[in-house]
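For reference, upload13.cif (mmCIF, C-alpha atoms):
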```
data_structure
loop_
_atom_site.group_PDB
_atom_site.id
_atom_site.type_symbol
_atom_site.label_atom_id
_atom_site.label_comp_id
_atom_site.auth_asym_id
_atom_site.auth_seq_id
_atom_site.Cartn_x
_atom_site.Cartn_y
_atom_site.Cartn_z
ATOM 1 C CA MET A 277 77.609 81.931 130.624
ATOM 2 C CA SER A 278 81.209 82.734 129.832
ATOM 3 C CA GLN A 279 82.444 86.151 128.837
ATOM 4 C CA CYS A 280 83.012 87.043 125.220
ATOM 5 C CA TYR A 281 86.314 85.661 123.892
ATOM 6 C CA GLY A 282 87.013 83.672 127.024
ATOM 7 C CA PRO A 283 86.874 79.919 126.220
ATOM 8 C CA LEU A 284 87.034 80.747 122.504
ATOM 9 C CA ALA A 285 90.460 82.379 122.817
ATOM 10 C CA ALA A 286 92.443 79.125 122.928
ATOM 11 C CA ARG A 287 90.775 77.848 119.735
ATOM 12 C CA TYR A 288 90.300 81.158 117.924
ATOM 13 C CA ASP A 289 93.188 80.742 115.482
ATOM 14 C CA ALA A 290 92.201 77.190 114.582
ATOM 15 C CA LEU A 291 88.610 78.240 113.920
ATOM 16 C CA THR A 292 89.497 81.300 111.818
ATOM 17 C CA GLY A 293 91.936 79.741 109.399
ATOM 18 C CA ASP A 294 90.035 81.236 106.455
ATOM 19 C CA VAL A 295 90.694 84.851 107.469
ATOM 20 C CA PRO A 296 92.889 86.523 104.791
ATOM 21 C CA TYR A 297 95.348 88.171 107.164
ATOM 22 C CA GLU A 298 97.982 88.732 104.481
ATOM 23 C CA ALA A 299 95.436 90.533 102.296
ATOM 24 C CA LEU A 300 94.399 92.685 105.257
ATOM 25 C CA GLU A 301 98.010 93.583 105.999
ATOM 26 C CA THR A 302 98.593 94.549 102.365
ATOM 27 C CA TRP A 303 95.392 96.600 102.315
ATOM 28 C CA TYR A 304 96.468 98.580 105.375
ATOM 29 C CA GLU A 305 99.958 99.208 104.000
ATOM 30 C CA THR A 306 98.378 100.553 100.815
ATOM 31 C CA ALA A 307 96.157 102.839 102.898
ATOM 32 C CA PHE A 308 99.166 104.082 104.867
ATOM 33 C CA ALA A 309 101.028 104.837 101.645
ATOM 34 C CA HIS A 310 98.032 106.682 100.220
ATOM 35 C CA SER A 311 98.091 109.044 103.198
ATOM 36 C CA GLY A 312 101.436 110.417 102.046
ATOM 37 C CA ARG A 313 102.842 110.386 105.582
ATOM 38 C CA ALA A 314 105.565 108.178 106.979
ATOM 39 C CA VAL A 315 104.102 105.533 109.280
ATOM 40 C CA HIS A 316 106.293 103.981 111.958
ATOM 41 C CA THR A 317 104.027 103.371 114.949
ATOM 42 C CA VAL A 318 100.673 101.612 114.548
ATOM 43 C CA LEU A 319 97.885 100.917 117.036
ATOM 44 C CA ASP A 320 95.971 97.678 116.499
ATOM 45 C CA LEU A 321 92.720 98.124 118.429
ATOM 46 C CA CYS A 322 90.841 94.896 119.194
ATOM 47 C CA CYS A 323 93.963 92.991 118.181
ATOM 48 C CA GLY A 324 92.750 89.586 119.392
ATOM 49 C CA THR A 325 95.408 86.879 119.238
ATOM 50 C CA GLY A 326 97.689 89.136 117.225
ATOM 51 C CA THR A 327 98.018 87.421 113.857
ATOM 52 C CA LEU A 328 97.571 90.656 111.924
ATOM 53 C CA SER A 329 99.638 92.644 114.423
ATOM 54 C CA LEU A 330 102.576 90.292 113.957
ATOM 55 C CA LEU A 331 102.382 90.573 110.174
ATOM 56 C CA LEU A 332 102.548 94.345 110.481
ATOM 57 C CA ALA A 333 105.440 94.050 112.946
ATOM 58 C CA GLU A 334 107.325 91.812 110.529
ATOM 59 C CA HIS A 335 106.922 94.542 107.902
ATOM 60 C CA GLY A 336 108.748 96.982 110.133
ATOM 61 C CA TYR A 337 106.018 98.746 112.093
ATOM 62 C CA GLU A 338 106.271 99.314 115.829
ATOM 63 C CA MET A 339 103.002 97.932 117.163
ATOM 64 C CA ILE A 340 100.868 98.826 120.164
ATOM 65 C CA CYS A 341 98.189 96.160 120.472
ATOM 66 C CA VAL A 342 95.060 96.629 122.577
ATOM 67 C CA ASP A 343 92.288 94.192 123.425
ATOM 68 C CA ALA A 344 89.731 93.870 126.212
ATOM 69 C CA SER A 345 90.159 90.081 126.473
ATOM 70 C CA ALA A 346 93.010 88.960 128.706
ATOM 71 C CA GLU A 347 92.549 85.443 127.333
ATOM 72 C CA MET A 348 93.097 86.562 123.739
ATOM 73 C CA LEU A 349 96.151 88.587 124.763
ATOM 74 C CA SER A 350 97.525 85.557 126.606
ATOM 75 C CA VAL A 351 97.486 83.606 123.331
ATOM 76 C CA PHE A 352 99.127 86.596 121.622
ATOM 77 C CA GLN A 353 101.831 86.712 124.301
ATOM 78 C CA GLN A 354 102.787 83.096 123.621
ATOM 79 C CA LYS A 355 103.371 83.916 119.941
ATOM 80 C CA LEU A 356 106.013 86.482 120.852
ATOM 81 C CA ARG A 357 108.395 83.639 121.692
ATOM 82 C CA ASP A 358 108.683 82.887 117.976
ATOM 83 C CA LEU A 359 109.322 86.414 116.693
ATOM 84 C CA PRO A 360 111.807 86.485 113.813
ATOM 85 C CA GLU A 361 115.146 88.033 114.626
ATOM 86 C CA GLY A 362 115.155 91.802 114.308
ATOM 87 C CA VAL A 363 111.378 92.233 114.677
ATOM 88 C CA VAL A 364 110.383 94.659 117.432
ATOM 89 C CA ALA A 365 108.044 92.910 119.869
ATOM 90 C CA PRO A 366 104.585 94.532 119.983
ATOM 91 C CA MET A 367 103.447 96.179 123.199
ATOM 92 C CA LEU A 368 100.318 94.458 124.540
ATOM 93 C CA LEU A 369 97.717 96.372 126.571
ATOM 94 C CA CYS A 370 94.522 94.983 128.097
ATOM 95 C CA GLN A 371 92.066 97.870 127.779
ATOM 96 C CA ARG A 372 88.506 98.404 126.664
ATOM 97 C CA ALA A 373 88.322 100.456 123.481
ATOM 98 C CA GLU A 374 86.405 103.286 125.144
ATOM 99 C CA GLU A 375 89.101 103.423 127.854
ATOM 100 C CA LEU A 376 92.043 103.546 125.439
ATOM 101 C CA ASP A 377 94.984 105.240 127.147
ATOM 102 C CA LEU A 378 98.390 105.345 125.426
ATOM 103 C CA TYR A 379 101.672 106.847 126.567
ATOM 104 C CA ASP A 380 102.076 108.805 123.305
ATOM 105 C CA THR A 381 100.507 109.315 119.897
ATOM 106 C CA VAL A 382 100.814 106.861 116.997
ATOM 107 C CA ASP A 383 101.117 107.422 113.258
ATOM 108 C CA ALA A 384 98.225 105.124 112.315
ATOM 109 C CA ALA A 385 95.538 102.961 113.867
ATOM 110 C CA VAL A 386 93.668 99.914 112.587
ATOM 111 C CA CYS A 387 90.683 97.968 113.889
ATOM 112 C CA SER A 388 89.952 94.751 112.036
ATOM 113 C CA LEU A 389 87.444 91.946 111.627
ATOM 114 C CA ASP A 390 84.352 93.910 112.712
ATOM 115 C CA GLY A 391 85.882 95.094 115.964
ATOM 116 C CA VAL A 392 83.875 98.303 115.529
ATOM 117 C CA ASN A 393 80.661 96.269 115.350
ATOM 118 C CA TYR A 394 81.377 94.992 118.861
ATOM 119 C CA MET A 395 81.385 98.537 120.269
ATOM 120 C CA ARG A 396 78.121 99.572 121.900
ATOM 121 C CA PRO A 397 76.355 102.608 120.397
ATOM 122 C CA GLU A 398 76.668 104.534 123.645
ATOM 123 C CA THR A 399 80.449 104.013 123.789
ATOM 124 C CA LEU A 400 81.330 104.371 120.093
ATOM 125 C CA PRO A 401 81.648 108.202 120.191
ATOM 126 C CA GLU A 402 84.183 107.884 123.020
ATOM 127 C CA VAL A 403 86.116 105.224 121.093
ATOM 128 C CA PHE A 404 86.502 107.547 118.107
ATOM 129 C CA ARG A 405 87.314 110.489 120.379
ATOM 130 C CA ARG A 406 90.145 108.543 122.009
ATOM 131 C CA LEU A 407 91.443 107.314 118.660
ATOM 132 C CA HIS A 408 91.535 110.933 117.512
ATOM 133 C CA LEU A 409 93.314 111.931 120.729
ATOM 134 C CA PHE A 410 96.071 109.334 120.364
ATOM 135 C CA LEU A 411 96.676 109.721 116.630
ATOM 136 C CA SER A 412 99.301 112.180 115.462
ATOM 137 C CA PRO A 413 98.054 115.143 113.374
ATOM 138 C CA GLY A 414 97.443 113.766 109.893
ATOM 139 C CA GLY A 415 97.550 110.202 111.186
ATOM 140 C CA THR A 416 95.506 107.528 109.442
ATOM 141 C CA LEU A 417 92.643 105.530 110.944
ATOM 142 C CA CYS A 418 91.574 102.360 109.087
ATOM 143 C CA PHE A 419 88.814 100.023 110.176
ATOM 144 C CA ASP A 420 86.350 97.560 108.745
ATOM 145 C CA PHE A 421 82.763 96.777 109.632
ATOM 146 C CA LEU A 422 80.028 94.464 108.400
ATOM 147 C CA SER A 423 77.361 95.920 106.165
ATOM 148 C CA PRO A 424 73.838 96.104 107.633
ATOM 149 C CA GLY A 425 72.477 93.910 104.850
ATOM 150 C CA HIS A 426 74.982 91.158 105.528
ATOM 151 C CA MET A 427 74.390 91.236 109.290
ATOM 152 C CA ARG A 428 70.625 91.062 108.890
ATOM 153 C CA SER A 429 71.015 88.129 106.493
ATOM 154 C CA LEU A 430 72.468 86.105 109.372
ATOM 155 C CA ASP A 431 69.198 86.158 111.312
ATOM 156 C CA GLY A 432 68.269 82.604 112.275
ATOM 157 C CA GLN A 433 71.406 81.093 110.767
ATOM 158 C CA CYS A 434 73.359 78.228 112.295
ATOM 159 C CA PHE A 435 76.916 77.230 111.369
ATOM 160 C CA VAL A 436 79.275 74.439 112.352
ATOM 161 C CA ASP A 437 83.080 74.659 112.499
ATOM 162 C CA GLU A 438 85.154 71.550 113.127
ATOM 163 C CA GLU A 439 88.925 71.604 113.548
ATOM 164 C CA ASP A 440 90.945 68.673 114.911
ATOM 165 C CA ASP A 441 89.783 68.288 118.527
ATOM 166 C CA THR A 442 87.275 71.163 118.534
ATOM 167 C CA LEU A 443 83.670 71.470 117.360
ATOM 168 C CA CYS A 444 81.976 74.877 117.403
ATOM 169 C CA LEU A 445 78.231 75.436 116.883
ATOM 170 C CA TRP A 446 77.315 79.021 115.993
ATOM 171 C CA ARG A 447 73.704 80.262 116.013
ATOM 172 C CA SER A 448 72.488 83.801 115.471
ATOM 173 C CA GLU A 449 69.484 86.105 115.631
ATOM 174 C CA VAL A 450 68.895 89.749 114.817
ATOM 175 C CA VAL A 451 66.989 91.803 117.381
ATOM 176 C CA GLU A 452 66.375 95.367 116.188
ATOM 177 C CA ASN A 453 69.900 96.707 115.506
ATOM 178 C CA GLU A 454 71.774 93.920 117.253
ATOM 179 C CA LEU A 455 73.202 90.680 115.896
ATOM 180 C CA ARG A 456 73.303 88.238 118.776
ATOM 181 C CA TYR A 457 75.017 84.910 118.451
ATOM 182 C CA GLY A 458 75.777 82.085 120.801
ATOM 183 C CA MET A 459 78.643 79.652 120.495
ATOM 184 C CA ASP A 460 78.806 76.142 121.904
ATOM 185 C CA ILE A 461 82.422 75.011 121.908
ATOM 186 C CA PHE A 462 83.089 71.291 122.327
ATOM 187 C CA ARG A 463 86.745 70.546 123.045
ATOM 188 C CA ARG A 464 88.139 67.020 123.215
ATOM 189 C CA VAL A 465 89.803 66.417 126.564
ATOM 190 C CA LYS A 466 90.446 62.653 126.354
ATOM 191 C CA GLY A 467 89.387 59.905 123.990
ATOM 192 C CA LYS A 468 85.722 60.432 123.163
ATOM 193 C CA THR A 469 85.198 62.834 126.041
ATOM 194 C CA TYR A 470 84.464 66.466 125.167
ATOM 195 C CA ARG A 471 84.124 69.519 127.379
ATOM 196 C CA ARG A 472 81.352 71.947 126.446
ATOM 197 C CA GLU A 473 81.841 75.678 126.929
ATOM 198 C CA GLN A 474 79.592 78.543 125.866
ATOM 199 C CA GLU A 475 79.881 82.159 124.872
ATOM 200 C CA GLU A 476 77.376 84.835 123.910
ATOM 201 C CA HIS A 477 78.343 87.663 121.566
ATOM 202 C CA THR A 478 76.556 90.838 120.484
ATOM 203 C CA GLU A 479 77.506 92.923 117.482
ATOM 204 C CA TYR A 480 75.782 96.182 116.578
ATOM 205 C CA ILE A 481 74.487 97.100 113.140
ATOM 206 C CA TYR A 482 75.916 100.414 111.906
ATOM 207 C CA THR A 483 75.228 102.063 108.576
ATOM 208 C CA PRO A 484 78.079 103.805 106.724
ATOM 209 C CA GLU A 485 76.261 107.116 107.256
ATOM 210 C CA MET A 486 76.140 106.601 111.023
ATOM 211 C CA LEU A 487 79.838 105.791 111.203
ATOM 212 C CA GLU A 488 80.848 108.683 108.978
ATOM 213 C CA LYS A 489 78.949 111.109 111.214
ATOM 214 C CA GLN A 490 80.683 109.696 114.293
ATOM 215 C CA LEU A 491 84.056 110.186 112.611
ATOM 216 C CA VAL A 492 83.266 113.784 111.671
ATOM 217 C CA ASP A 493 82.039 114.542 115.193
ATOM 218 C CA ALA A 494 85.289 113.139 116.612
ATOM 219 C CA GLY A 495 87.387 115.434 114.411
ATOM 220 C CA PHE A 496 88.347 113.202 111.488
ATOM 221 C CA GLY A 497 88.491 114.366 107.881
ATOM 222 C CA SER A 498 89.285 112.997 104.401
ATOM 223 C CA ILE A 499 86.893 110.131 105.151
ATOM 224 C CA ARG A 500 86.669 107.433 102.491
ATOM 225 C CA LEU A 501 84.463 104.341 102.281
ATOM 226 C CA PHE A 502 85.749 101.268 100.411
ATOM 227 C CA THR A 503 83.531 98.448 99.203
ATOM 228 C CA ASP A 504 86.196 96.374 97.434
ATOM 229 C CA GLY A 505 88.560 95.417 100.274
ATOM 230 C CA PRO A 506 89.349 91.947 101.631
ATOM 231 C CA GLN A 507 86.235 89.814 102.205
ATOM 232 C CA HIS A 508 84.016 92.365 100.454
ATOM 233 C CA SER A 509 81.947 89.471 99.112
ATOM 234 C CA GLN A 510 81.132 88.626 102.748
ATOM 235 C CA GLY A 511 79.806 92.088 103.501
ATOM 236 C CA ARG A 512 83.011 93.617 104.857
ATOM 237 C CA LEU A 513 83.387 97.364 104.235
ATOM 238 C CA PHE A 514 86.296 99.656 105.100
ATOM 239 C CA PHE A 515 86.712 103.251 106.213
ATOM 240 C CA THR A 516 89.859 105.339 106.208
ATOM 241 C CA ALA A 517 90.041 108.757 107.836
ATOM 242 C CA GLU A 518 92.630 111.406 108.634
ATOM 243 C CA CYS A 519 93.160 112.796 112.113
ATOM 244 C CA VAL A 520 92.655 116.556 111.785
ATOM 245 C CA LYS A 521 93.927 118.711 114.637
ATOM 246 C CA GLU A 522 94.141 122.479 114.937
#
```
Using the file provided, produce a representation of the structure as structure tokens.
Amino acid sequence: MSQCYGPLAARYDALTGDVPYEALETWYETAFAHSGRAVHTVLDLCCGTGTLSLLLAEHGYEMICVDASAEMLSVFQQKLRDLPEGVVAPMLLCQRAEELDLYDTVDAAVCSLDGVNYMRPETLPEVFRRLHLFLSPGGTLCFDFLSPGHMRSLDGQCFVDEEDDTLCLWRSEVVENELRYGMDIFRRVKGKTYRREQEEHTEYIYTPEMLEKQLVDAGFGSIRLFTDGPQHSQGRLFFTAECVKE
């Protein structure tokens, strides 16, 4: 069985064409402005193939982009060839979230598209601790996660995505506090010949109360939960928090 976001990486953008990246970028800029602090450097944790990161870069932010999948970052790297003139190229780092290690602090950090749900319960406290460590005092953390109700509603569901030369079958089950889903990816290689590849993913069900406690324990304050952000009708919730340091 292939690793998570291995074979999928090359087809990820084609299969996620419905993601409202522009709305996400606008939402984050609004959150940055609400903080009342100037934001120049932004960490995008679990950046994937970089679509959101590049939108933020094009709006003038200096981006540090971190993901655990070398395959996803490879797709991101190819996009840098087409950067508009004057846009600062993001720095790409292949790191696990709980091993985040930056050369300096950043003004803000984002983690999008249920990246937090992919973090194991035993590592999540360390993820928040490291985010707190590498955020400047007063810096803003923004992230989304899927509501428990929405995740549990996916138990036993099966979905099909078809784009050009790729067919993806997605099946899921909920086991206790885990949403497990397998993906069968059929990619046309020649004529009517397809190559089948597989991935298995696990996302963890977190309540808002659990996440808020983790943030407080890591040293964050001014914590706010938003239920009306992008894709809220699909169960996506957002947290913002301020990095408080003595």
For the file shown, report as a list in words the outcome of the PyMOL selection byres ((chain A and resi 386) around 7) at residue level. Leu319, Asp320, Leu321, Ala384, Ala385, Cys387, Ser388, Leu417, Cys418 and Phe419 of chain A
I'd like to know which of A:Val403, A:Glu374, A:Val295, A:Pro283 is closest to Met348 of chain A, using only C-alpha atoms. A:Pro283
Figure out the distance between atom CA of Tyr297 of chain A and atom CA of Asp441 of chain A, please, to one decimal in Å. 23.6 Å
For this file, the PyMOL selection byres ((chain A and resi 352) around 8) selects which residues, as a PDB file with C-alpha atoms, in the coordinates of the input?
```pdb
ATOM      1  CA  GLY A 324      92.750  89.586 119.392  1.00  0.00           C
ATOM      2  CA  THR A 325      95.408  86.879 119.238  1.00  0.00           C
ATOM      3  CA  GLY A 326      97.689  89.136 117.225  1.00  0.00           C
ATOM      4  CA  THR A 327      98.018  87.421 113.857  1.00  0.00           C
ATOM      5  CA  MET A 348      93.097  86.562 123.739  1.00  0.00           C
ATOM      6  CA  LEU A 349      96.151  88.587 124.763  1.00  0.00           C
ATOM      7  CA  SER A 350      97.525  85.557 126.606  1.00  0.00           C
ATOM      8  CA  VAL A 351      97.486  83.606 123.331  1.00  0.00           C
ATOM      9  CA  GLN A 353     101.831  86.712 124.301  1.00  0.00           C
ATOM     10  CA  GLN A 354     102.787  83.096 123.621  1.00  0.00           C
ATOM     11  CA  LYS A 355     103.371  83.916 119.941  1.00  0.00           C
ATOM     12  CA  LEU A 356     106.013  86.482 120.852  1.00  0.00           C
TER      13      LEU A 356
END
```
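The spacing separating atom CA of Asp431 of chain A from atom CA of Val450 of chain A amounts to 5.0 Å.
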Between A:Cys444, A:Leu430, A:Val520, A:Ala365, single out the one closest to Ile481 of chain A, counting all atoms listed in the file. A:Leu430
Result set, the PyMOL selection byres ((chain A and resi 362) around 12) on current file, as a PyMOL selection string: chain A and resi 333-338+358-361+363-365
Contacts of Val342 of chain A within 7 Å, all atoms listed in the file, excl. fewer than 6 positions in-chain, as a compact mmCIF listing (two decimals) with C-alpha atoms, in the frame of the given file:
```txt
# COMPACT_ATOMS: atom_id res chain seq x y z
CA ASP A 320 95.97 97.68 116.50
CA LEU A 321 92.72 98.12 118.43
CA CYS A 322 90.84 94.90 119.19
CA CYS A 323 93.96 92.99 118.18
CA LEU A 368 100.32 94.46 124.54
CA LEU A 369 97.72 96.37 126.57
CA CYS A 370 94.52 94.98 128.10
CA GLN A 371 92.07 97.87 127.78
```
Compare A:Asp420, A:Glu479, A:Asn393, A:Gly414 by their minimum atom-to-atom distance to Glu522 of chain A, counting only C-alpha atoms, and give me the closest one.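 The closest residue to Glu522 of chain A is A:Gly414.
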In Å, with one decimal, what is the gap from atom CA of Met339 of chain A to atom CA of Glu375 of chain A?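 So the two atoms, atom CA of Met339 of chain A and atom CA of Glu375 of chain A, lie 18.4 Å apart.
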If you count all atoms listed in the file, which residues fall within 7 Å of Glu476 of chain A, apart from same-chain ones fewer than 6 positions away, as a list in words? Cys280, Tyr457, Gly458 and Met459 of chain A
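Minimum distance to Asp460 of chain A across A:Trp446, A:Phe421, A:Phe308, A:Phe496 (counting all atoms listed in the file) occurs at A:Trp446.
Near (97.2, 76.4, 114.7), the residues that fall inside 12 Å on the basis of only C-alpha atoms are Ala286, Arg287, Tyr288, Asp289, Ala290, Leu291, Thr292, Gly293, Asp294, Thr325, Thr327, Val351, Lys355, Glu439, Asp440, Asp441 and Thr442 of chain A.
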What residues have an atom no more than 12 Å from (71.0, 96.4, 119.9) in the file's own frame, counting only C-alpha atoms, and can you write them as a list in words? Asn393, Tyr394, Met395, Arg396, Pro397, Glu398, Glu449, Val450, Val451, Glu452, Asn453, Glu454, Leu455, Arg456, His477, Thr478, Glu479, Tyr480, Ile481 and Tyr482 of chain A
When distances are computed from all atoms listed in the file, which of A:Leu422, A:Ala344, A:Val465, A:Leu331 shows the smallest separation from Pro506 of chain A?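 The answer is A:Leu422, which sits nearest to Pro506 of chain A.
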Excluding Thr483 of chain A and residues on its chain fewer than 3 positions from it, collect all residues at most 8 Å away from it, counting all atoms listed in the file, and give them as a list in words.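 Selected residues are Ser423, Pro424, Met486 and Leu487 of chain A.
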Got time to write the residues from that selection, C-alpha atoms, as a PDB file, keeping the file's coordinate frame?
```
ATOM      1  CA  SER A 423      77.361  95.920 106.165  1.00  0.00           C
ATOM      2  CA  PRO A 424      73.838  96.104 107.633  1.00  0.00           C
ATOM      3  CA  MET A 486      76.140 106.601 111.023  1.00  0.00           C
ATOM      4  CA  LEU A 487      79.838 105.791 111.203  1.00  0.00           C
TER       5      LEU A 487
END
```
Residues within 8 Å of Ile461 of chain A, all atoms listed in the file, excluding chain neighbours under 5 positions, as number ranges by chain: A: 283-284, 442-445, 471-474
Restricting the calculation to all atoms listed in the file, which member of A:Gly415, A:His316, A:Ile340, A:Phe462 is positioned closest to Pro366 of chain A?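 The closest residue to Pro366 of chain A is A:Ile340.
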